[in-house]
file entry_23.cif (mmCIF, C-alpha atoms)
data_protein
#
loop_
_atom_site.label_atom_id
_atom_site.label_comp_id
_atom_site.auth_asym_id
_atom_site.auth_seq_id
_atom_site.Cartn_x
_atom_site.Cartn_y
_atom_site.Cartn_z
CA MET J 296 -5.91 7.03 -15.38
CA ASP J 297 -3.59 9.49 -17.09
CA SER J 298 -4.76 13.01 -17.92
CA LEU J 299 -4.98 12.39 -21.68
CA SER J 300 -7.32 9.43 -21.18
CA GLN J 301 -9.55 11.41 -18.84
CA LEU J 302 -9.66 14.36 -21.22
CA ALA J 303 -10.52 12.10 -24.16
CA LEU J 304 -13.21 10.28 -22.17
CA GLY J 305 -14.80 13.55 -21.04
CA ALA J 306 -14.83 14.92 -24.59
CA ALA J 307 -16.32 11.71 -25.99
CA VAL J 308 -19.01 11.61 -23.30
CA GLY J 309 -19.85 15.27 -23.90
CA VAL J 310 -20.24 14.74 -27.66
CA ALA J 311 -22.28 11.55 -27.21
CA THR J 312 -24.67 13.19 -24.74
CA MET J 313 -25.15 16.55 -26.45
CA GLY J 314 -25.29 15.21 -30.02
CA ARG J 315 -26.50 17.92 -32.39
CA ARG J 316 -28.12 20.03 -29.66
CA THR J 317 -25.08 22.29 -29.64
CA ALA J 318 -21.91 22.79 -31.65
CA ILE J 319 -19.70 19.70 -31.47
CA TRP J 320 -16.70 21.76 -30.36
CA LYS J 321 -18.67 23.10 -27.40
CA ALA J 322 -19.71 19.62 -26.27
CA ALA J 323 -16.18 18.27 -26.69
CA LEU J 324 -14.55 21.26 -24.98
CA TRP J 325 -16.75 21.27 -21.90
CA GLY J 326 -16.72 17.48 -21.69
CA ALA J 327 -12.92 17.58 -21.71
CA VAL J 328 -12.90 20.30 -19.05
CA ALA J 329 -15.27 18.34 -16.81
CA GLY J 330 -13.27 15.18 -17.39
CA THR J 331 -10.10 16.93 -16.25
CA LEU J 332 -11.38 18.93 -13.27
CA PRO J 333 -11.28 16.14 -10.62
CA ASP J 334 -7.51 15.75 -11.00
CA LEU J 335 -6.84 19.38 -10.06
CA ASP J 336 -6.53 18.11 -6.49
CA VAL J 337 -2.90 17.26 -7.32
CA PHE J 338 -2.16 20.94 -6.68
CA ILE J 339 -3.33 20.67 -3.05
CA ASP J 340 -0.54 20.20 -0.51
CA HIS J 341 -1.82 18.23 2.48
CA GLY J 342 1.37 18.69 4.46
CA ASP J 343 3.63 15.78 3.50
CA PRO J 344 4.14 13.29 0.62
CA VAL J 345 2.27 10.44 2.33
CA ARG J 346 -0.84 12.55 2.94
CA ASN J 347 -0.63 13.89 -0.61
CA MET J 348 -0.62 10.30 -1.84
CA VAL J 349 -3.50 8.91 0.20
CA LEU J 350 -5.68 12.05 -0.08
CA HIS J 351 -5.41 12.24 -3.87
CA ARG J 352 -8.63 10.99 -5.50
CA ALA J 353 -10.62 11.96 -2.41
CA GLU J 354 -13.31 14.70 -2.29
CA THR J 355 -12.79 15.72 -5.92
CA HIS J 356 -13.45 12.10 -6.93
CA SER J 357 -16.54 11.61 -4.75
CA LEU J 358 -19.67 10.78 -6.74
CA PHE J 359 -21.76 12.70 -4.21
CA TRP J 360 -19.72 15.94 -4.35
CA LEU J 361 -19.29 15.77 -8.12
CA THR J 362 -23.04 15.40 -8.55
CA LEU J 363 -23.64 18.54 -6.48
CA PHE J 364 -20.92 20.43 -8.37
CA SER J 365 -22.40 19.46 -11.75
CA LEU J 366 -25.50 21.60 -11.16
CA PRO J 367 -23.87 25.06 -10.95
CA LEU J 368 -21.35 24.05 -13.62
CA ALA J 369 -24.15 23.16 -16.05
CA ALA J 370 -26.00 26.39 -15.24
CA LEU J 371 -22.83 28.38 -15.91
CA VAL J 372 -22.15 26.70 -19.26
CA ALA J 373 -25.78 26.99 -20.42
CA ARG J 374 -25.85 30.72 -19.52
CA LEU J 375 -22.47 31.32 -21.14
CA HIS J 376 -23.63 29.89 -24.48
CA GLY J 377 -27.17 31.31 -24.30
CA GLN J 378 -28.66 27.79 -24.23
CA TRP J 379 -30.68 27.86 -21.03
CA ALA J 380 -33.50 25.99 -22.79
CA ILE J 381 -31.33 22.89 -22.84
CA TRP J 382 -29.53 23.38 -19.50
CA GLN J 383 -30.82 20.02 -18.30
CA ARG J 384 -29.07 18.33 -21.23
CA TRP J 385 -25.92 20.27 -20.40
CA TRP J 386 -26.25 19.05 -16.82
CA LEU J 387 -26.53 15.43 -17.95
CA ALA J 388 -23.49 15.75 -20.23
CA LEU J 389 -21.32 17.45 -17.62
CA TRP J 390 -22.45 15.15 -14.80
CA LEU J 391 -21.55 12.12 -16.91
CA ALA J 392 -18.18 13.62 -17.84
CA LEU J 393 -17.46 14.35 -14.17
CA VAL J 394 -18.49 11.00 -12.67
CA THR J 395 -16.95 8.82 -15.38
CA HIS J 396 -13.57 10.25 -14.33
CA PRO J 397 -13.51 8.60 -10.86
CA LEU J 398 -15.27 5.50 -12.18
CA LEU J 399 -12.46 5.05 -14.70
CA ASP J 400 -9.87 5.75 -11.99
CA THR J 401 -11.45 3.00 -9.92
CA MET J 402 -10.46 0.46 -12.57
CA THR J 403 -6.79 1.16 -11.72
CA VAL J 404 -5.15 -0.14 -8.54
CA TYR J 405 -4.34 3.23 -6.94
CA GLY J 406 -7.47 3.75 -4.83
CA THR J 407 -10.38 6.15 -5.40
CA GLN J 408 -12.62 7.36 -2.56
CA LEU J 409 -15.87 7.21 -4.50
CA ALA J 410 -18.17 7.12 -1.49
CA LEU J 411 -17.07 10.24 0.39
CA PRO J 412 -18.42 11.70 2.63
CA PHE J 413 -20.08 8.45 3.67
CA SER J 414 -17.01 6.20 3.44
CA GLU J 415 -13.25 6.76 3.07
CA HIS J 416 -12.69 3.35 1.49
CA PRO J 417 -10.26 3.60 -1.47
CA PHE J 418 -11.78 1.51 -4.27
CA GLY J 419 -9.40 -0.02 -6.81
CA VAL J 420 -10.19 -2.90 -9.19
CA GLY J 421 -6.68 -2.96 -10.65
CA SER J 422 -7.66 -4.39 -14.04
CA ILE J 423 -6.01 -1.69 -16.17
CA PHE J 424 -2.67 0.11 -15.93
CA ILE J 425 -2.74 3.87 -15.38
CA ILE J 426 -1.55 4.39 -18.99
CA ASP J 427 -2.85 2.03 -21.68
CA PRO J 428 -2.88 3.16 -25.33
CA LEU J 429 -5.45 0.54 -26.33
CA TYR J 430 -7.95 2.21 -24.02
CA THR J 431 -7.16 5.79 -24.99
CA LEU J 432 -6.75 5.57 -28.78
CA PRO J 433 -10.40 4.66 -29.61
CA LEU J 434 -11.59 7.67 -27.60
CA LEU J 435 -9.14 10.04 -29.28
CA VAL J 436 -9.97 8.78 -32.78
CA GLY J 437 -13.73 8.81 -32.20
CA ALA J 438 -13.87 12.28 -30.63
CA GLY J 439 -11.42 13.64 -33.22
CA TRP J 440 -13.53 12.24 -36.05
CA ALA J 441 -16.65 13.83 -34.59
CA LEU J 442 -14.93 17.22 -34.40
CA ALA J 443 -13.63 16.92 -37.94
CA ALA J 444 -17.09 15.91 -39.22
CA ARG J 445 -18.68 18.94 -37.49
CA GLY J 446 -21.77 17.16 -36.29
CA ARG J 447 -22.44 14.93 -39.26
CA ALA J 448 -23.85 11.50 -38.49
CA GLY J 449 -20.65 9.67 -39.43
CA GLY J 450 -18.67 11.61 -36.84
CA LEU J 451 -21.21 10.98 -34.09
CA HIS J 452 -21.23 7.28 -34.94
CA ALA J 453 -17.41 7.19 -34.81
CA ASN J 454 -17.49 8.84 -31.39
CA ALA J 455 -20.04 6.32 -30.12
CA LEU J 456 -17.92 3.47 -31.51
CA GLY J 457 -14.86 4.84 -29.71
CA LEU J 458 -16.76 4.84 -26.43
CA LEU J 459 -18.00 1.31 -27.07
CA LEU J 460 -14.54 -0.05 -27.90
CA SER J 461 -12.88 1.60 -24.90
CA THR J 462 -15.59 0.30 -22.56
CA ALA J 463 -15.26 -3.18 -24.05
CA TYR J 464 -11.52 -3.00 -23.42
CA LEU J 465 -12.21 -2.26 -19.74
CA ALA J 466 -14.49 -5.30 -19.60
CA TRP J 467 -11.80 -7.41 -21.27
CA GLY J 468 -9.33 -6.34 -18.57
CA VAL J 469 -11.64 -7.56 -15.80
CA VAL J 470 -12.12 -10.92 -17.55
CA ALA J 471 -8.37 -11.33 -18.10
CA GLN J 472 -7.66 -10.39 -14.49
CA GLN J 473 -10.03 -13.07 -13.19
CA HIS J 474 -8.44 -15.64 -15.50
CA VAL J 475 -4.93 -14.81 -14.28
CA GLU J 476 -6.07 -14.85 -10.66
CA ARG J 477 -7.35 -18.40 -11.07
CA ILE J 478 -4.03 -19.51 -12.59
CA ALA J 479 -2.11 -17.71 -9.83
CA ARG J 480 -4.08 -19.42 -7.06
CA GLU J 481 -3.49 -22.81 -8.65
CA SER J 482 0.22 -22.06 -8.97
CA LEU J 483 0.46 -20.96 -5.34
CA ALA J 484 -1.21 -24.16 -4.20
CA ARG J 485 1.21 -26.30 -6.23
CA GLN J 486 4.18 -24.40 -4.77
CA GLY J 487 2.89 -24.77 -1.21
CA ILE J 488 2.42 -21.04 -0.64
CA VAL J 489 -0.52 -20.01 1.53
CA ALA J 490 -1.62 -16.56 0.37
CA GLU J 491 -3.28 -14.33 2.94
CA GLN J 492 -3.91 -11.71 0.24
CA LEU J 493 -3.54 -11.79 -3.53
CA LEU J 494 -3.08 -8.90 -5.94
CA VAL J 495 -3.33 -9.27 -9.74
CA THR J 496 -2.58 -6.19 -11.84
CA PRO J 497 -1.47 -5.59 -15.44
CA ALA J 498 2.12 -4.70 -16.24
CA PRO J 499 2.65 -1.25 -17.82
CA LEU J 500 0.88 -0.32 -21.07
CA ASN J 501 -0.91 -3.63 -21.74
CA THR J 502 -3.32 -6.31 -20.54
CA LEU J 503 -1.36 -9.30 -21.81
CA LEU J 504 1.28 -9.41 -19.07
CA TRP J 505 0.13 -9.48 -15.45
CA ARG J 506 1.95 -9.04 -12.14
CA VAL J 507 0.88 -11.12 -9.17
CA VAL J 508 1.72 -10.37 -5.53
CA ALA J 509 0.86 -12.84 -2.76
CA MET J 510 1.23 -11.85 0.89
CA SER J 511 2.19 -14.85 3.01
CA GLY J 512 3.48 -14.67 6.58
CA ALA J 513 6.83 -12.90 6.82
CA HIS J 514 7.19 -12.75 3.04
CA TYR J 515 5.49 -11.55 -0.09
CA HIS J 516 5.82 -13.41 -3.36
CA GLU J 517 5.98 -11.75 -6.78
CA GLY J 518 5.37 -13.44 -10.11
CA PHE J 519 4.45 -12.60 -13.70
CA TYR J 520 2.12 -14.30 -16.14
CA SER J 521 1.49 -13.54 -19.81
CA LEU J 522 -1.67 -14.66 -21.54
CA LEU J 523 0.71 -15.88 -24.26
CA ASP J 524 2.73 -18.12 -21.92
CA ALA J 525 3.06 -21.72 -23.05
CA GLU J 526 2.15 -23.11 -19.63
CA PRO J 527 -0.56 -21.90 -17.22
CA THR J 528 1.89 -21.45 -14.34
CA VAL J 529 3.17 -18.48 -12.35
CA HIS J 530 6.67 -18.73 -10.85
CA PHE J 531 6.97 -16.76 -7.62
CA ASP J 532 10.03 -15.16 -6.03
CA PRO J 533 9.91 -14.57 -2.23
CA PHE J 534 10.85 -11.27 -0.56
CA ASP J 535 10.98 -10.12 3.06
CA ARG J 536 8.04 -7.99 4.23
CA GLY J 537 10.13 -6.40 6.98
CA GLN J 538 7.95 -7.55 9.83
CA SER J 539 10.90 -7.24 12.22
CA LEU J 540 10.51 -3.48 11.88
CA ALA J 541 6.76 -3.47 12.49
CA GLY J 542 7.06 -3.08 16.25
CA GLU J 543 8.99 0.17 15.84
CA LEU J 544 7.01 1.63 12.95
CA GLN J 545 3.45 0.32 13.02
CA ASN J 546 2.14 3.19 15.17
CA LEU J 547 3.50 5.93 12.91
CA ASP J 548 0.77 7.96 11.22
CA SER J 549 2.42 7.61 7.79
CA VAL J 550 2.78 3.85 8.16
CA ARG J 551 -0.82 3.42 9.30
CA ARG J 552 -2.05 5.52 6.39
CA ILE J 553 -0.16 3.54 3.74
CA ALA J 554 -1.04 0.21 5.34
CA ALA J 555 -4.73 1.10 5.10
CA PHE J 556 -4.55 2.76 1.67
CA SER J 557 -2.64 -0.18 0.15
CA HIS J 558 -5.04 -2.71 1.70
CA GLY J 559 -2.05 -4.37 3.39
CA PHE J 560 0.15 -4.61 0.29
CA TYR J 561 3.22 -2.87 1.69
CA LYS J 562 6.70 -3.68 2.95
CA LEU J 563 9.04 -2.20 5.55
CA GLU J 564 12.79 -2.13 5.04
CA GLN J 565 16.01 -0.63 6.29
CA ALA J 566 18.51 0.91 3.85
CA GLY J 567 21.59 2.10 5.71
CA THR J 568 20.24 4.16 8.57
CA GLN J 569 16.93 4.88 6.83
CA LEU J 570 13.69 3.03 7.57
CA LEU J 571 11.26 2.94 4.65
CA ILE J 572 7.78 1.82 3.68
CA SER J 573 6.78 0.94 0.10
CA ASP J 574 3.36 0.46 -1.48
CA LEU J 575 3.76 -2.88 -3.30
CA ARG J 576 0.87 -2.31 -5.69
CA MET J 577 2.58 0.22 -7.97
CA GLY J 578 5.91 -0.87 -9.39
CA GLN J 579 7.77 -4.16 -9.19
CA GLU J 580 10.61 -5.49 -7.13
CA PRO J 581 12.81 -3.66 -6.26
CA ALA J 582 11.44 -0.38 -7.72
CA TYR J 583 8.27 1.21 -6.36
CA ALA J 584 6.68 4.55 -7.22
CA PHE J 585 5.50 5.20 -3.66
CA ARG J 586 8.42 4.56 -1.31
CA PHE J 587 8.93 6.78 1.72
CA VAL J 588 11.61 7.31 4.36
CA VAL J 589 9.68 7.50 7.64
CA ALA J 590 12.46 7.23 10.25
CA GLU J 591 16.22 7.05 10.71
CA ARG J 592 18.17 4.54 12.78
CA HIS J 593 19.79 6.57 15.53
CA SER J 594 19.76 6.15 19.29
CA PRO J 595 16.95 6.64 19.99
CA LEU J 596 15.02 6.03 16.73
CA GLN J 597 14.39 9.36 14.98
CA ILE J 598 10.90 9.68 13.49
CA LEU J 599 10.68 12.05 10.54
CA GLU J 600 7.99 14.70 10.97
CA ARG J 601 7.71 14.93 7.19
CA PRO J 602 8.34 11.61 5.36
CA VAL J 603 10.60 11.82 2.33
CA GLN J 604 9.49 10.19 -0.92
CA GLN J 605 12.16 8.09 -2.63
CA SER J 606 10.47 6.80 -5.78
CA ALA J 607 12.42 4.18 -7.69
CA ARG J 608 11.92 2.90 -11.23
CA ILE J 609 13.25 -0.04 -13.21
CA ASP J 610 16.03 0.98 -15.62
CA LEU J 611 14.23 1.52 -18.94
CA ALA J 612 17.18 0.20 -20.95
CA ARG J 613 16.61 -3.20 -19.34
CA GLY J 614 12.95 -2.90 -18.39
CA LEU J 615 11.36 -2.11 -21.75
CA PRO J 616 13.00 -4.99 -23.69
CA TRP J 617 12.07 -7.35 -20.86
CA LEU J 618 8.47 -6.05 -20.81
CA TRP J 619 8.04 -6.58 -24.55
CA ARG J 620 9.57 -10.07 -24.65
CA ARG J 621 7.85 -11.21 -21.44
CA MET J 622 4.50 -9.88 -22.71
CA LEU J 623 4.89 -12.08 -25.81
CA GLY J 624 5.42 -15.18 -23.68
CA ASP J 625 9.20 -15.37 -23.42
CA PRO J 626 9.85 -16.80 -19.90
CA LEU J 627 12.52 -14.27 -18.92
CA PRO J 628 13.27 -13.50 -15.25
CA PRO J 629 12.30 -9.92 -14.32
CA PRO J 630 15.04 -7.27 -14.11
CA ARG J 631 16.11 -6.76 -10.51
#
call {"tool": "encode", "arguments": {"input": "entry_23.cif", "output": "structure tokens"}}
result
Amino acid sequence: MDSLSQLALGAAVGVATMGRRTAIWKAALWGAVAGTLPDLDVFIDHGDPVRNMVLHRAETHSLFWLTLFSLPLAALVARLHGQWAIWQRWWLALWLALVTHPLLDTMTVYGTQLALPFSEHPFGVGSIFIIDPLYTLPLLVGAGWALAARGRAGGLHANALGLLLSTAYLAWGVVAQQHVERIARESLARQGIVAEQLLVTPAPLNTLLWRVVAMSGAHYHEGFYSLLDAEPTVHFDPFDRGQSLAGELQNLDSVRRIAAFSHGFYKLEQAGTQLLISDLRMGQEPAYAFRFVVAERHSPLQILERPVQQSARIDLARGLPWLWRRMLGDPLPPPR
């Protein structure tokens, strides 16, 4: 999730766990710090853009390593505030603020390596977009109310309510995702498309409009469904997966990494003399956030030692009006 959501979640968890055992500002401050710390790995350069992508949310998002780190962090905070008598409570608050960060990240589609060092599997439920105001606002209001109330019961109750509402919103996203997946599978069957893999993720900033990607043979199919649509049907548009390029590129380290990290939801393409790979999970046709030039078409083929990221985004002047109208059930074709 975005940094503001993680900060708000950490602060809310810190306040809820510490209660009146310490000053509310201390609980909120250190909860926010712990909730932010795992994302400091963005400042680590692993050597090239592809490695930076797939190794984000790795060790600093591991439940095992965060649990070990929480012990000296809690000892430091308890000593700093002269509250060693309640260091165990500080440990619980900071441990919860630390581990809820990767658990929340896991609800997005990106991929979070929760089980390191025992497994490198990137977990990603994909039931909430990386930025969603309806998740973040209850946390901000609840934690802000608690700070303003300075430990009074009303503020603590507001903070707890904010946590409850944000967690309920996460649960709602999972339920909605399963509902859309069922409709998507029925639509694919009616259209005679055999899906080898199916991805269902929310469109930006909401959980009403959902994007569906079906991998099928030499093509992938993209469609959109709003929970406010008049008919329970997803219309799919086919696109080339670029399998003709697989023989030349499949053994490249960068291609293997993205293929594994995306769980197979990727495409290969040639643009001019450039050969590219795109992660199909984040973005929509034809614009993807993680798109990399991995080789150039010369004689012989020139492999790039350091892939070049070429992120692309839908034009906001067309994309935002489409997003709003499509979210409300208007059956508009997506901007291409």
call {"tool": "closest_residue", "arguments": {"input": "entry_23.cif", "among": "J:Gly326, J:Gly559, J:Gly421, J:Pro628", "to": "Gln472 of chain J", "atoms": "only C-alpha atoms"}}
result
J:Gly421
call {"tool": "resolve_selection", "arguments": {"input": "entry_23.cif", "expression": "the PyMOL selection byres ((chain J and resi 617) around 12)", "output": "JSON, numbers by chain"}}
result
{"J": [498, 499, 504, 519, 609, 610, 611, 612, 613, 614, 615, 616, 618, 619, 620, 621, 622, 623, 624, 625, 626, 627, 628, 629, 630, 631]}
call {"tool": "residues_around", "arguments": {"input": "entry_23.cif", "residues": "segment 543-557 of chain J", "least_positions_apart": "4", "cutoff": "8 Å", "atoms": "only C-alpha atoms", "output": "number ranges by chain"}}
result
J: 345-346, 349, 406, 417, 561, 572, 574-576, 589, 602
call {"tool": "resolve_selection", "arguments": {"input": "entry_23.cif", "expression": "the PyMOL selection byres ((chain J and resi 371-384) around 9)", "output": "ChimeraX atom specification"}}
result
/J:312-313,316-317,321,325,366-370,385-389
call {"tool": "resolve_selection", "arguments": {"input": "entry_23.cif", "expression": "the PyMOL selection byres ((chain J and resi 591-601) around 6)", "output": "PyMOL selection string"}}
result
chain J and resi 343+568-570+589-590+602
call {"tool": "atom_distance", "arguments": {"input": "entry_23.cif", "atom1": "atom CA of Met577 of chain J", "atom2": "atom CA of Val436 of chain J"}}
result
29.1 Å
call {"tool": "closest_residue", "arguments": {"input": "entry_23.cif", "among": "J:Ala410, J:Met510, J:Val470, J:Leu302", "to": "Ser422 of chain J", "atoms": "all atoms listed in the file"}}
result
J:Val470
call {"tool": "residues_around", "arguments": {"input": "entry_23.cif", "residues": "Thr362 of chain J", "least_positions_apart": "4", "cutoff": "9 Å", "atoms": "all atoms listed in the file", "output": "list in words"}}
result
Ser357, Leu358, Leu366, Trp390, Leu393 and Val394 of chain J
call {"tool": "axis_aligned_box", "arguments": {"input": "entry_23.cif", "around": "segment 505-519 of chain J", "padding_each_side": "3 Å", "output": "JSON"}}
result
{"center_x": 3.7, "center_y": -11.9, "center_z": -4.3, "size_x": 13.1, "size_y": 11.8, "size_z": 28.3}
call {"tool": "closest_residue", "arguments": {"input": "entry_23.cif", "among": "J:Phe587, J:Phe413, J:Tyr464, J:Trp440", "to": "Ile319 of chain J", "atoms": "only C-alpha atoms"}}
result
J:Trp440
call {"tool": "residues_near_point", "arguments": {"input": "entry_23.cif", "point": "(-11.7, 9.2, -13.0)", "cutoff": "8 Å", "atoms": "only C-alpha atoms", "output": "list in words"}}
result
Met296, Gln301, Gly330, Pro333, His356, Leu393, Val394, Thr395, His396, Pro397, Leu398, Leu399, Asp400 and Thr401 of chain J
call {"tool": "residues_around", "arguments": {"input": "entry_23.cif", "residues": "His452 of chain J", "least_positions_apart": "5", "cutoff": "12 Å", "atoms": "only C-alpha atoms", "output": "ChimeraX atom specification"}}
result
/J:307,310-311,314,436-442,444,446-447,457-459
call {"tool": "residues_around", "arguments": {"input": "entry_23.cif", "residues": "Pro412 of chain J", "least_positions_apart": "5", "cutoff": "9 Å", "atoms": "only C-alpha atoms", "output": "PyMOL selection string"}}
result
chain J and resi 354+357+359-360
call {"tool": "atom_distance", "arguments": {"input": "entry_23.cif", "atom1": "atom CA of Gln408 of chain J", "atom2": "atom CA of Thr355 of chain J"}}
result
9.0 Å
call {"tool": "residues_around", "arguments": {"input": "entry_23.cif", "residues": "segment 535-541 of chain J", "least_positions_apart": "3", "cutoff": "7 Å", "atoms": "only C-alpha atoms", "output": "PyMOL selection string"}}
result
chain J and resi 513-515+544-545+562-564
call {"tool": "atom_distance", "arguments": {"input": "entry_23.cif", "atom1": "atom CA of Ile339 of chain J", "atom2": "atom CA of Ser298 of chain J"}}
result
16.8 Å
call {"tool": "residues_near_point", "arguments": {"input": "entry_23.cif", "point": "(-4.6, 1.4, -25.4)", "cutoff": "9 Å", "atoms": "all atoms listed in the file", "output": "PyMOL selection string"}}
result
chain J and resi 426-433+461+464+500-501
call {"tool": "closest_residue", "arguments": {"input": "entry_23.cif", "among": "J:Ala490, J:Ile423, J:Ala479, J:Ala353", "to": "Thr462 of chain J", "atoms": "all atoms listed in the file"}}
result
J:Ile423
call {"tool": "decode", "arguments": {"input": "entry_23.cif", "residues": "segment 460-468 of chain J", "atoms": "all heavy atoms", "output": "tab-separated table (two decimals), in the first residue's frame"}}
result
chain	number	residue	atom	x	y	z
J	460	LEU	N	-13.31	-0.42	10.77
J	460	LEU	CA	-13.86	-0.09	9.45
J	460	LEU	C	-12.86	-0.38	8.34
J	460	LEU	O	-13.25	-0.90	7.28
J	460	LEU	CB	-14.27	1.39	9.42
J	460	LEU	CG	-15.48	1.78	10.26
J	460	LEU	CD1	-15.70	3.28	10.22
J	460	LEU	CD2	-16.74	1.04	9.78
J	461	SER	N	-11.59	-0.06	8.54
J	461	SER	CA	-10.60	-0.32	7.50
J	461	SER	C	-10.41	-1.82	7.28
J	461	SER	O	-10.26	-2.27	6.14
J	461	SER	CB	-9.26	0.34	7.86
J	461	SER	OG	-8.73	-0.19	9.06
J	462	THR	N	-10.44	-2.59	8.36
J	462	THR	CA	-10.32	-4.05	8.23
J	462	THR	C	-11.55	-4.63	7.54
J	462	THR	O	-11.43	-5.54	6.70
J	462	THR	CB	-10.12	-4.69	9.61
J	462	THR	OG1	-8.98	-4.10	10.25
J	462	THR	CG2	-9.92	-6.19	9.49
J	463	ALA	N	-12.72	-4.11	7.87
J	463	ALA	CA	-13.94	-4.56	7.20
J	463	ALA	C	-13.90	-4.25	5.71
J	463	ALA	O	-14.39	-5.03	4.89
J	463	ALA	CB	-15.16	-3.90	7.85
J	464	TYR	N	-13.30	-3.12	5.36
J	464	TYR	CA	-13.18	-2.76	3.95
J	464	TYR	C	-12.27	-3.75	3.21
J	464	TYR	O	-12.53	-4.11	2.06
J	464	TYR	CB	-12.64	-1.34	3.81
J	464	TYR	CG	-12.63	-0.84	2.39
J	464	TYR	CD1	-13.81	-0.55	1.71
J	464	TYR	CD2	-11.43	-0.66	1.70
J	464	TYR	CE1	-13.81	-0.10	0.40
J	464	TYR	CE2	-11.42	-0.20	0.40
J	464	TYR	CZ	-12.61	0.08	-0.24
J	464	TYR	OH	-12.60	0.53	-1.54
J	465	LEU	N	-11.20	-4.19	3.87
J	465	LEU	CA	-10.35	-5.22	3.28
J	465	LEU	C	-11.14	-6.51	3.05
J	465	LEU	O	-11.01	-7.15	1.99
J	465	LEU	CB	-9.15	-5.51	4.18
J	465	LEU	CG	-8.07	-4.44	4.29
J	465	LEU	CD1	-6.98	-4.91	5.26
J	465	LEU	CD2	-7.46	-4.13	2.93
J	466	ALA	N	-11.95	-6.89	4.02
J	466	ALA	CA	-12.77	-8.10	3.87
J	466	ALA	C	-13.77	-7.93	2.73
J	466	ALA	O	-13.99	-8.87	1.95
J	466	ALA	CB	-13.49	-8.40	5.19
J	467	TRP	N	-14.37	-6.75	2.63
J	467	TRP	CA	-15.29	-6.48	1.53
J	467	TRP	C	-14.59	-6.66	0.18
J	467	TRP	O	-15.16	-7.22	-0.77
J	467	TRP	CB	-15.85	-5.07	1.65
J	467	TRP	CG	-16.17	-4.43	0.32
J	467	TRP	CD1	-15.46	-3.47	-0.32
J	467	TRP	CD2	-17.29	-4.75	-0.53
J	467	TRP	NE1	-16.05	-3.17	-1.52
J	467	TRP	CE2	-17.17	-3.93	-1.68
J	467	TRP	CE3	-18.35	-5.63	-0.43
J	467	TRP	CZ2	-18.08	-3.97	-2.72
J	467	TRP	CZ3	-19.27	-5.68	-1.47
J	467	TRP	CH2	-19.13	-4.86	-2.60
J	468	GLY	N	-13.35	-6.20	0.07
J	468	GLY	CA	-12.61	-6.33	-1.18
J	468	GLY	C	-12.44	-7.78	-1.59
J	468	GLY	O	-12.56	-8.12	-2.78
